[in-house]
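Read through the structure below, which is laid out as structure tokens, and then see the notes.
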Amino acid sequence: MSWLLSLPLLIPFVAGVAAFLLKGGPGGRWASVFGSVAMLIAAGALMMTVLREGVVAGQMGGWPAPYGITLVADYLSAVMVVITAITALAVSVYAMADVEARIARLGYHALFQILIAGVAGAFLTGDLFNLYVWFEVMLIASFGLLVMGGTKEQIDGGVKYVALNLVSTILFLTGIGLLYGMTGTLNLADLAVTVPTLENQGLVTVIAMMFMVAFGVKAAVFPLFFWLPASYHTPAFATSAVFAGLLTKVGVYALIRMFTLVFVGDISFTHEVLLWVACFTMVTGVLGAAAQNDFRKILSFHIVSQIGYMILGLALMTPLAIMGAVFYLVHHIIVKANLFLVAGVAFKIAGSTELKRIGGLYATAPLLALLFLVPAFSLAGFPPLSGFWAKFILVKAALEDGHGFVAFIALAVGALTIFSMTKIWAEAFWSPHPDKSEPRLSTLSPRERRALLLPIAGLAVLTCIIGLFPEPFVQFAERAAGQLLDPSVYIGAVLGVAE
Amino acid sequence: MEVLLSCLVGMLVAAAIYLMLSRDLLRFLFGLILISNAANLAIFVSGRLITGAPPLIEEGQDFPVGEVANALPQALVLTAIVIGFGLFAFALTLTLRAYRTLGTLDTSEMRVAEPKDPS
């Protein structure tokens with residue numbers, strides 16, 4: 001069983017090493033693509049097992065929990081690993097054409113695979129300190145990817161990204177130390193058992209807030225999000241797509257995990273804070289996007305606003321709301337990564353990401369326009385695309401819980417999202433190009449076209465499938481929410497296995 | 001001893017925050033190094049301090065007898081130090097690179113990737 005759990009970690013590492021050894025030639029990018037395919041297969045196998053057995057847990061190195069390091073996959077972890085693999089595959093194919101040879105020779109594809117390993121590890125681990133280690137793996141790889149081009153913007157964005165993330169890491173580490181001091185354990189399932197028995201619950205809440213801030217920085221929630229719009233528009237498009245899709249979501253995942261499993265003693269306080277954070281995150285993100293005039297900067301701010309919806313689901317803490325948060329996570333990763341990929345193609349054929357300096361894409365590249373519309377409408381929540389169901393569930397959950405005002409904010413933010421998407425549509429696609437040039441997809445070589453457009457089309461199809469046949473996905477999210485709200489199965493699977 | 005170390009952690013954090021509030025990127029980094037050491041010390045103290053009792057297990061037994069030092073926090077701190085070292089090596093290189101490319105270490109002047117000031 002532990003093999004199945006460790007494969008999604010081992011495969012990207014092996015692929016990373018292979019990509020590093022082959023970084024001089026085309027072998028590097030193929031190693032990355034094959035690694036992603038293999039990881040997708042492994043993730044699918046893990047998903048099948050989880051669907052059959054509920055929660056799968058394995059003890060690494062043969063040390064029984066809570067002493068050893070546990071890897072656990074419940075429904076949420078399994079689906080996150082699958083979606084990580086899908087994103088990795090899409091982006092590694094896209095990177096074949098997007099990443100310049102100069103950057104590929106520096107080891108881009110190797111770092112990319114290490115990043116994926118870090119993300120998958122964070123989703124699968126059942127140990128708090130191990131989570132810290134995976135965060136670091138992810139961080140150091142993302143630092144490298146972010147500044148690889150060495151341009152002024154990248155260095156400038158990189159400084160802010162690195163500084164803020166290091167601060168959050170240290171806060172996380174301190175929180176781990178204090179929690180260990182109080183409980184004597186680092187195993188998440190064991191913590192879930194031990195923390196409610198502590199006498200000093202006030203101190204637990206203080207530590208919970210430390211974790212909230214630490215993960216909040218990673219997840220880019222209000223008021224800790226400012227590193228994200230300062231850096232996400234600077235690296236290669238493939239990089240910003242994988243960052244936008246996965247990195248902040250690891251923070252959201254960690255928040256969901258900790259605040260449904262361990263810190264549930266003082267919900268009236270912690271989740272009230274989260275609710276306000278969620279509202280402010282949604283509003284500031286969408287307003288920030290409205291003020292921007294750059295394709296990628298608009299999308300960056302929209303990440304922030306969308307994170308608010310997921311936190312909203314966690315903050316309400318009802319079965320329906322958690323289900324909405326899980327559904328939103330999955331939908332958002334696909335859609336957001338896809339939008340950044342589209343931005344990359346628009347940049348390649350129209351010459352810029354600044355909306356004032358591009359245009360005419362609808363007239364001369366209608367296929368790209370269509371491929372933009374699907375994720376853009378989905379992001380704004382148009383039926384019948386995936387975003388509609390995600391927003392629908394969350395708004396319904398807010399109304400059922402008696403938070404009419406919050407539901408109103410969620411809907412208003414959705415409307416403003418349409419405004420931003422229309423702005424991109426009008427400026428980049430409808431209005432003529434300011435230089436009178438006619439951006440065409442045929443200016444790309446056939447190889448580039450295949451590598452750039454296939455992942456975009458694949459993710460768009462996935463969005464449509466989730467939107468048109470939401471039933472199995474909703475049911476899955478419901479079961480995932482059930483597991484999160486009743487952690488006894490999780491705890492039993494981790495602490496009950498002898499080996 | 002725990003009290004003494006806890007006070008030391010507090011002092012380190014205070015000094016670190018003072019440094020991190022500076023607009024100079026290098027001072028900020030020094031602050032970050034201090035605060036990461038404070039975090040490491042906090043983990044170390046949280047394992048409770050016992051002197052002169054190494055956690056050695058007698059042959060044929062599964063766990064040590066009597067009260068021994070807690071080895072886990074030391075292992076954690078060691079991991080954290082190694083990771084921190086790597087991160088700071090990177091951060092310092094990045095700072096050097098930032099100084100060479102941007103010509104300044106004043107964070108309020110680092111606005112290349114930010115939106116243009118309307119004024």
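Residues are named by chain letter and number: chains run A, B, ... in the order of the structure tokens, numbers start at 1 in each chain, and ligands are numbered from 1 in the order shown.
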_Give me the residues near Phe85 in chain B as a list of chain:residue names, where near means some atom within 12 Å (using only C-alpha atoms) and where sequence neighbours in that chain fewer than 3 positions away do not count._
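Residues meeting the cut-off are A:Glu136, A:Ile140, A:Leu166, B:Leu32, B:Ile33, B:Ser36, B:Asn37, B:Val77, B:Leu78, B:Thr79, B:Ala80, B:Ile81, B:Val82, B:Phe88, B:Ala89, B:Phe90, B:Ala91, B:Leu92.
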*Write out as a VMD selection string the residues lying within 9 Å of Ser6 in chain B, counting only C-alpha atoms and excluding same-chain residues fewer than 6 positions away.*
chain B and resid 41 to 42 45
Output as a Markdown table one row per residue of chain A within 8 Å of chain B: the closest atom pair and its distance in Å to one decimal place, counting only C-alpha atoms, sorted by chain and residue number ascending.
```
| residue | atom | partner | partner_atom | distance |
| --- | --- | --- | --- | --- |
| A:Phe129 | CA | B:Leu76 | CA | 7.7 |
| A:Glu136 | CA | B:Ile83 | CA | 7.4 |
| A:Ile140 | CA | B:Leu87 | CA | 6.9 |
| A:Lys152 | CA | B:Thr101 | CA | 6.2 |
| A:Glu153 | CA | B:Ala113 | CA | 4.8 |
| A:Gln154 | CA | B:Ala113 | CA | 7.5 |
| A:Ile155 | CA | B:Ala98 | CA | 5.9 |
| A:Asp156 | CA | B:Ala113 | CA | 6.0 |
| A:Gly157 | CA | B:Ala113 | CA | 5.9 |
| A:Val159 | CA | B:Leu94 | CA | 7.1 |
| A:Val162 | CA | B:Ala91 | CA | 7.1 |
| A:Ala163 | CA | B:Leu29 | CA | 8.0 |
| A:Leu166 | CA | B:Leu32 | CA | 7.8 |
| A:Val167 | CA | B:Leu32 | CA | 7.1 |
| A:Ile170 | CA | B:Ser36 | CA | 5.9 |
| A:Leu171 | CA | B:Ala39 | CA | 7.9 |
| A:Leu173 | CA | B:Ala39 | CA | 6.5 |
| A:Thr174 | CA | B:Ala39 | CA | 5.0 |
| A:Ile176 | CA | B:Ile43 | CA | 7.6 |
| A:Gly177 | CA | B:Ile43 | CA | 4.1 |
| A:Leu178 | CA | B:Ser46 | CA | 6.3 |
| A:Tyr180 | CA | B:Ser46 | CA | 6.6 |
| A:Gly181 | CA | B:Ser46 | CA | 4.1 |
| A:Met182 | CA | B:Ser46 | CA | 7.7 |
| A:Gly184 | CA | B:Gly47 | CA | 7.7 |
| A:Ala230 | CA | B:Glu114 | CA | 5.9 |
| A:Ser231 | CA | B:Ala113 | CA | 7.1 |
| A:Thr234 | CA | B:Ala113 | CA | 7.4 |
```
*Within 7 Å of Ala380 in chain A, counting only C-alpha atoms, which residues qualify if same-chain residues fewer than 3 places away don't, as a ChimeraX atom specification?*
/A:376-377,387,414,417-418
_Point-to-point distance from CA of Met60 in chain A to CA of Ala120 in chain A, Å rounded to tenths_ =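 Atom-to-atom, CA of Met60 in chain A to CA of Ala120 in chain A, that is 15.7 Å.
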